[in-house]
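Enquirer: Here you go, this is protein_33.cif (mmCIF, C-alpha atoms).
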```
data_model
#
loop_
_atom_site.label_atom_id
_atom_site.label_comp_id
_atom_site.auth_asym_id
_atom_site.auth_seq_id
_atom_site.Cartn_x
_atom_site.Cartn_y
_atom_site.Cartn_z
CA MET A 1 -18.48 -21.30 25.16
CA LYS A 2 -17.48 -21.47 21.53
CA LYS A 3 -16.70 -18.09 19.99
CA ILE A 4 -18.38 -17.32 16.69
CA TYR A 5 -16.62 -14.94 14.36
CA SER A 6 -18.11 -12.80 11.66
CA ILE A 7 -16.00 -13.42 8.59
CA TYR A 8 -15.81 -10.70 6.00
CA PHE A 9 -15.28 -12.20 2.56
CA LEU A 10 -14.43 -9.22 0.35
CA LEU A 11 -13.93 -8.99 -3.40
CA GLY A 12 -11.00 -10.71 -5.09
CA LEU A 13 -9.30 -14.09 -4.83
CA PHE A 14 -6.97 -14.66 -1.89
CA ILE A 15 -3.77 -16.42 -2.85
CA THR A 16 -2.35 -18.71 -0.18
CA ALA A 17 0.88 -19.57 -1.96
CA PHE A 18 3.92 -17.51 -1.09
CA TYR A 19 5.53 -16.07 -4.19
CA SER A 20 9.24 -16.18 -4.88
CA CYS A 21 10.79 -13.03 -6.31
CA GLY A 22 13.62 -14.82 -8.04
CA GLU A 23 14.50 -14.64 -11.72
CA ASP A 24 11.51 -13.62 -13.80
CA LEU A 25 11.47 -13.24 -17.56
CA THR A 26 8.33 -11.07 -17.65
CA PRO A 27 9.05 -7.98 -19.82
CA VAL A 28 9.34 -4.87 -17.67
CA GLY A 29 7.34 -2.74 -20.07
CA PRO A 30 6.99 -1.26 -23.54
CA ASP A 31 9.40 1.10 -25.21
CA ILE A 32 9.39 4.44 -23.38
CA ALA A 33 9.10 6.28 -26.70
CA GLU A 34 5.71 4.69 -27.26
CA ILE A 35 4.27 6.01 -23.99
CA THR A 36 3.11 9.61 -23.60
CA HIS A 37 1.72 9.21 -20.09
CA PHE A 38 4.75 9.37 -17.81
CA ARG A 39 4.19 11.74 -14.90
CA ASN A 40 3.57 12.12 -11.19
CA ASP A 41 4.65 8.78 -9.82
CA GLY A 42 6.20 8.06 -6.44
CA PRO A 43 7.96 9.09 -4.39
CA TYR A 44 9.99 5.94 -3.83
CA LEU A 45 12.59 5.75 -1.05
CA PHE A 46 15.60 3.43 -1.34
CA TYR A 47 18.22 2.73 1.30
CA GLU A 48 21.61 1.88 -0.17
CA ASN A 49 24.73 1.49 1.99
CA GLY A 50 23.52 3.96 4.57
CA ARG A 51 22.44 6.49 1.96
CA LEU A 52 18.90 7.55 1.12
CA LYS A 53 17.79 7.78 -2.51
CA ILE A 54 14.48 9.47 -3.37
CA LEU A 55 12.93 8.87 -6.80
CA GLU A 56 9.88 10.54 -8.26
CA VAL A 57 8.37 11.45 -11.61
CA THR A 58 7.41 15.14 -11.70
CA LYS A 59 4.48 16.81 -13.44
CA ASP A 60 6.91 17.85 -16.18
CA ASN A 61 7.39 14.19 -17.13
CA ALA A 62 10.89 14.26 -15.68
CA LEU A 63 12.48 11.63 -13.46
CA ASN A 64 13.93 13.32 -10.39
CA ILE A 65 16.48 11.43 -8.28
CA ARG A 66 18.20 12.90 -5.26
CA GLU A 67 20.45 11.34 -2.66
CA GLU A 68 21.08 12.10 1.00
CA SER A 69 23.94 10.85 3.16
CA GLY A 70 21.38 9.91 5.80
CA LEU A 71 17.82 10.66 6.77
CA PRO A 72 17.41 14.47 7.05
CA ALA A 73 15.67 15.66 10.20
CA GLY A 74 12.06 16.55 9.58
CA LEU A 75 12.01 15.09 6.08
CA LYS A 76 8.58 15.45 4.43
CA LEU A 77 7.80 14.27 0.93
CA ASP A 78 5.27 15.88 -1.37
CA VAL A 79 2.74 13.40 -2.75
CA TYR A 80 1.09 14.41 -6.03
CA SER A 81 -1.80 12.75 -7.79
CA ASP A 82 -1.54 11.59 -11.39
CA ASP A 83 -3.45 14.71 -12.47
CA ASN A 84 -0.89 17.10 -10.93
CA GLN A 85 -2.61 17.91 -7.63
CA LEU A 86 -0.54 18.18 -4.46
CA LEU A 87 -2.41 15.83 -2.13
CA PHE A 88 -0.43 15.94 1.10
CA GLN A 89 3.02 15.74 2.64
CA VAL A 90 4.15 12.54 4.29
CA PRO A 91 6.67 12.76 7.16
CA ILE A 92 9.55 10.28 7.11
CA ASN A 93 10.64 10.49 10.71
CA LYS A 94 13.10 7.62 10.87
CA ILE A 95 14.30 4.59 8.99
CA GLU A 96 11.71 2.14 10.22
CA ASN A 97 12.13 -1.46 11.26
CA PHE A 98 8.46 -2.26 10.95
CA GLU A 99 6.88 -4.96 13.11
CA ARG A 100 4.15 -7.27 11.91
CA PRO A 101 0.88 -6.50 13.74
CA ALA A 102 -0.45 -9.29 15.93
CA TRP A 103 -2.87 -11.35 13.84
CA GLU A 104 -5.16 -11.57 16.86
CA ASN A 105 -6.20 -8.23 18.34
CA ARG A 106 -9.06 -8.42 20.86
CA THR A 107 -9.47 -4.64 21.13
CA GLU A 108 -13.07 -3.57 20.64
CA TYR A 109 -13.57 -0.23 18.89
CA ALA A 110 -16.65 1.98 19.07
CA LYS A 111 -16.58 2.32 15.28
CA THR A 112 -14.87 0.39 12.49
CA PHE A 113 -14.74 1.56 8.87
CA ALA A 114 -13.81 -1.26 6.46
CA VAL A 115 -13.03 -0.98 2.75
CA SER A 116 -11.12 -2.98 0.14
CA ASP A 117 -10.17 -3.17 -3.57
CA LEU A 118 -9.04 0.43 -4.02
CA HIS A 119 -6.91 -0.47 -7.07
CA GLY A 120 -5.09 2.83 -7.49
CA ARG A 121 -8.21 5.07 -7.45
CA PHE A 122 -7.13 7.63 -4.88
CA ASP A 123 -9.90 10.04 -5.86
CA LEU A 124 -12.73 7.60 -5.18
CA PHE A 125 -11.14 6.18 -2.04
CA ALA A 126 -10.51 9.62 -0.54
CA ALA A 127 -14.13 10.59 -1.25
CA ILE A 128 -15.30 7.48 0.64
CA LEU A 129 -13.12 8.27 3.67
CA LYS A 130 -14.21 11.91 3.71
CA THR A 131 -17.88 10.92 3.54
CA GLY A 132 -17.33 8.49 6.41
CA GLU A 133 -15.58 11.26 8.40
CA VAL A 134 -12.40 9.22 8.67
CA ILE A 135 -10.27 11.98 7.11
CA ASN A 136 -10.77 15.69 6.42
CA ASP A 137 -10.16 17.68 3.24
CA LYS A 138 -6.44 17.82 4.07
CA TYR A 139 -6.29 14.00 4.21
CA GLU A 140 -5.72 14.09 7.97
CA TRP A 141 -7.09 11.54 10.45
CA ILE A 142 -10.26 12.73 12.21
CA TYR A 143 -11.63 9.32 13.23
CA GLY A 144 -10.46 9.63 16.82
CA SER A 145 -9.96 6.38 18.73
CA ASN A 146 -11.80 4.36 16.09
CA HIS A 147 -10.58 1.81 13.59
CA LEU A 148 -9.97 1.84 9.82
CA VAL A 149 -9.52 -1.51 8.03
CA ILE A 150 -8.22 -1.72 4.47
CA ASP A 151 -8.62 -5.31 3.32
CA GLY A 152 -6.25 -5.49 0.39
CA ASP A 153 -5.82 -4.81 -3.32
CA ILE A 154 -4.20 -1.40 -3.62
CA PHE A 155 -2.05 -2.34 -6.61
CA ASP A 156 -3.08 -2.37 -10.28
CA ARG A 157 -5.63 -0.79 -12.60
CA GLY A 158 -5.52 2.78 -11.26
CA LYS A 159 -3.05 5.64 -11.69
CA ASP A 160 -2.37 6.53 -8.04
CA VAL A 161 -1.08 3.37 -6.36
CA PRO A 162 1.89 4.73 -4.33
CA GLN A 163 -0.20 7.74 -3.33
CA ILE A 164 -2.66 5.41 -1.56
CA PHE A 165 0.14 3.52 0.16
CA TRP A 166 1.66 6.78 1.42
CA LEU A 167 -1.71 7.91 2.74
CA PHE A 168 -2.04 4.72 4.81
CA TYR A 169 1.57 5.10 5.95
CA LYS A 170 0.75 8.62 7.16
CA LEU A 171 -2.65 7.77 8.66
CA GLU A 172 -1.22 4.89 10.71
CA ASP A 173 0.92 7.33 12.66
CA GLU A 174 -1.83 9.94 12.99
CA ALA A 175 -4.38 7.36 14.14
CA ALA A 176 -2.02 5.93 16.75
CA LYS A 177 -1.43 9.39 18.23
CA ALA A 178 -5.22 9.85 18.50
CA GLY A 179 -5.73 6.45 20.14
CA GLY A 180 -7.10 4.87 16.96
CA THR A 181 -5.83 2.17 14.63
CA VAL A 182 -5.31 1.64 10.90
CA SER A 183 -5.13 -2.01 9.81
CA PHE A 184 -3.94 -2.69 6.27
CA LEU A 185 -4.10 -6.33 5.13
CA LEU A 186 -2.82 -7.82 1.89
CA GLY A 187 -5.14 -8.86 -0.91
CA ASN A 188 -4.23 -10.99 -3.92
CA HIS A 189 -2.88 -8.14 -6.07
CA GLU A 190 -0.10 -7.33 -3.60
CA PRO A 191 1.62 -10.74 -3.99
CA LEU A 192 0.80 -10.73 -7.72
CA VAL A 193 2.72 -7.52 -8.32
CA LEU A 194 5.56 -8.35 -5.93
CA ALA A 195 6.02 -11.61 -7.86
CA ASN A 196 6.27 -9.51 -11.07
CA ASP A 197 2.90 -10.60 -12.44
CA LEU A 198 1.96 -7.30 -14.07
CA ARG A 199 -1.00 -8.32 -16.21
CA TYR A 200 -3.23 -5.67 -14.57
CA THR A 201 -0.57 -2.99 -14.04
CA LYS A 202 -0.74 0.36 -15.81
CA ASP A 203 2.00 1.08 -18.35
CA LYS A 204 3.11 4.23 -16.49
CA TYR A 205 4.56 2.04 -13.71
CA LYS A 206 6.25 -0.38 -16.10
CA VAL A 207 7.80 2.52 -18.01
CA LEU A 208 9.29 3.99 -14.85
CA ALA A 209 10.82 0.65 -13.93
CA GLN A 210 12.23 0.27 -17.43
CA LYS A 211 13.76 3.73 -17.26
CA LEU A 212 15.42 2.70 -13.99
CA ASN A 213 16.59 -0.58 -15.58
CA MET A 214 14.78 -2.73 -13.04
CA ASN A 215 11.66 -4.85 -12.70
CA TYR A 216 8.70 -3.00 -11.19
CA PRO A 217 8.59 -5.02 -7.91
CA LYS A 218 12.01 -3.64 -6.98
CA LEU A 219 10.34 -0.27 -6.39
CA PHE A 220 8.75 -2.02 -3.40
CA GLY A 221 11.71 -4.22 -2.48
CA PRO A 222 13.15 -4.87 0.99
CA ASP A 223 15.57 -1.95 0.57
CA THR A 224 12.71 0.55 0.22
CA GLU A 225 10.55 2.23 2.84
CA LEU A 226 7.23 1.11 1.36
CA GLY A 227 8.60 -2.37 0.70
CA LYS A 228 9.66 -2.87 4.31
CA TRP A 229 6.22 -1.66 5.43
CA LEU A 230 4.38 -3.95 3.00
CA GLY A 231 6.54 -6.87 4.09
CA THR A 232 5.00 -6.84 7.57
CA ARG A 233 1.33 -6.80 6.57
CA ASN A 234 -0.93 -9.72 7.50
CA THR A 235 -3.21 -11.59 5.10
CA MET A 236 -5.81 -12.31 7.77
CA GLN A 237 -6.40 -10.68 11.12
CA THR A 238 -8.84 -10.92 13.99
CA ILE A 239 -9.83 -7.52 15.36
CA GLY A 240 -12.27 -7.49 18.24
CA SER A 241 -14.79 -10.23 17.45
CA ASP A 242 -14.38 -10.01 13.67
CA LEU A 243 -12.07 -11.90 11.34
CA TYR A 244 -10.93 -10.00 8.25
CA VAL A 245 -9.53 -11.69 5.14
CA HIS A 246 -9.49 -10.74 1.47
CA ALA A 247 -12.02 -12.95 -0.38
CA GLY A 248 -11.31 -16.25 1.36
CA LEU A 249 -8.74 -18.92 2.05
CA GLY A 250 -7.43 -21.75 -0.08
CA LYS A 251 -8.00 -25.49 0.28
CA ASN A 252 -4.53 -26.09 1.73
CA PHE A 253 -5.41 -23.84 4.65
CA TYR A 254 -8.73 -25.56 5.33
CA ASP A 255 -7.10 -29.00 5.07
CA ARG A 256 -5.00 -28.16 8.12
CA ASN A 257 -8.22 -28.61 10.12
CA LEU A 258 -7.49 -25.80 12.55
CA SER A 259 -9.93 -24.78 15.27
#
```
Turn this file's structure into structure tokens for me.

Expert:
Amino acid sequence: MKKIYSIYFLLGLFITAFYSCGEDLTPVGPDIAEITHFRNDGPYLFYENGRLKILEVTKDNALNIREESGLPAGLKLDVYSDDNQLLFQVPINKIENFERPAWENRTEYAKTFAVSDLHGRFDLFAAILKTGEVINDKYEWIYGSNHLVIDGDIFDRGKDVPQIFWLFYKLEDEAAKAGGTVSFLLGNHEPLVLANDLRYTKDKYKVLAQKLNMNYPKLFGPDTELGKWLGTRNTMQTIGSDLYVHAGLGKNFYDRNLS
């Protein structure tokens, strides 16, 4: 009997092309002196020759960089919102070699909460998850053995992009321990930013990259914790009897005439 899938076409335009992160002449940002908003960004974790480098912009508009010879036991990082609120601590338990989730997962969950296009608005997104009883006021997983799907577009427009990524990073571990699952898929703004297309990106991120003398995508490169995690996300995934994809698929995919 032919299986019929419910296909969730969410907002945005899915990009089927794979972007190359080679040489790019896109300016990394305006002059730092012209920007007054430069605070509470990160943290970003880099791994360099066995050493750990932690970068963050503090509420005092200062760039704080510290290095460790390895990963300290029990390391937890404070995650602040753009408006100076301590949101949560995220445990970094080990240097992860993340695995790509199977694109086909036949597990059926009693409940599934699906959302997309968060675009750096941590405040609104957290309010949605609290109302849906997915997390509590401490941003902890309370959704039991159920399933949270985030269908892309975390980057751009808002002021709390890494904060959202760190929340998913943390919730994945908490959900797994409770028998639940967090599925984060890529939208179109993830490959846009990682290909250094910053047309929708807030200046605060470009300024940080300029101060570090690098292009913004390198803050999510393969030598970073968030970059390695992002590098294993799917762009489409079957979960139970539903197929999730951000907005749709391109003509080249349909022309393959797959079943």

Enquirer: Here is a test: counting only C-alpha atoms, which residue of A:Gly227, A:Gly132, A:Pro222, A:Pro91 is nearest to A:Leu167?

Expert: A:Pro91

Enquirer: Near A:Trp166, counting all atoms listed in the file, which residues have an atom at most 9 Å away, once you skip same-chain residues fewer than 3 positions from it, shown as number ranges by chain?

Expert: A: 43, 79, 90, 161-163, 169-171, 226

Enquirer: What is the distance between atom CA of A:Asp117 and atom CA of A:Arg256, in Å to one decimal?

Expert: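 It comes out at 28.1 Å.
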
Enquirer: Which polymer residues have any atom within 6 Å of an atom of stretch 135-148 of chain A, counting all atoms listed in the file, with same-chain residues fewer than 4 positions away left out, as a PyMOL selection string?

Expert: chain A and resi 109+111-114+129-130+178-182

Enquirer: Just checking: using all atoms listed in the file, which residue out of A:Arg100, A:Lys59, A:Lys218, A:His119 ends up closest to A:Asn188?

Expert: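 Residue with the minimum atom-to-atom distance to A:Asn188: A:His119.
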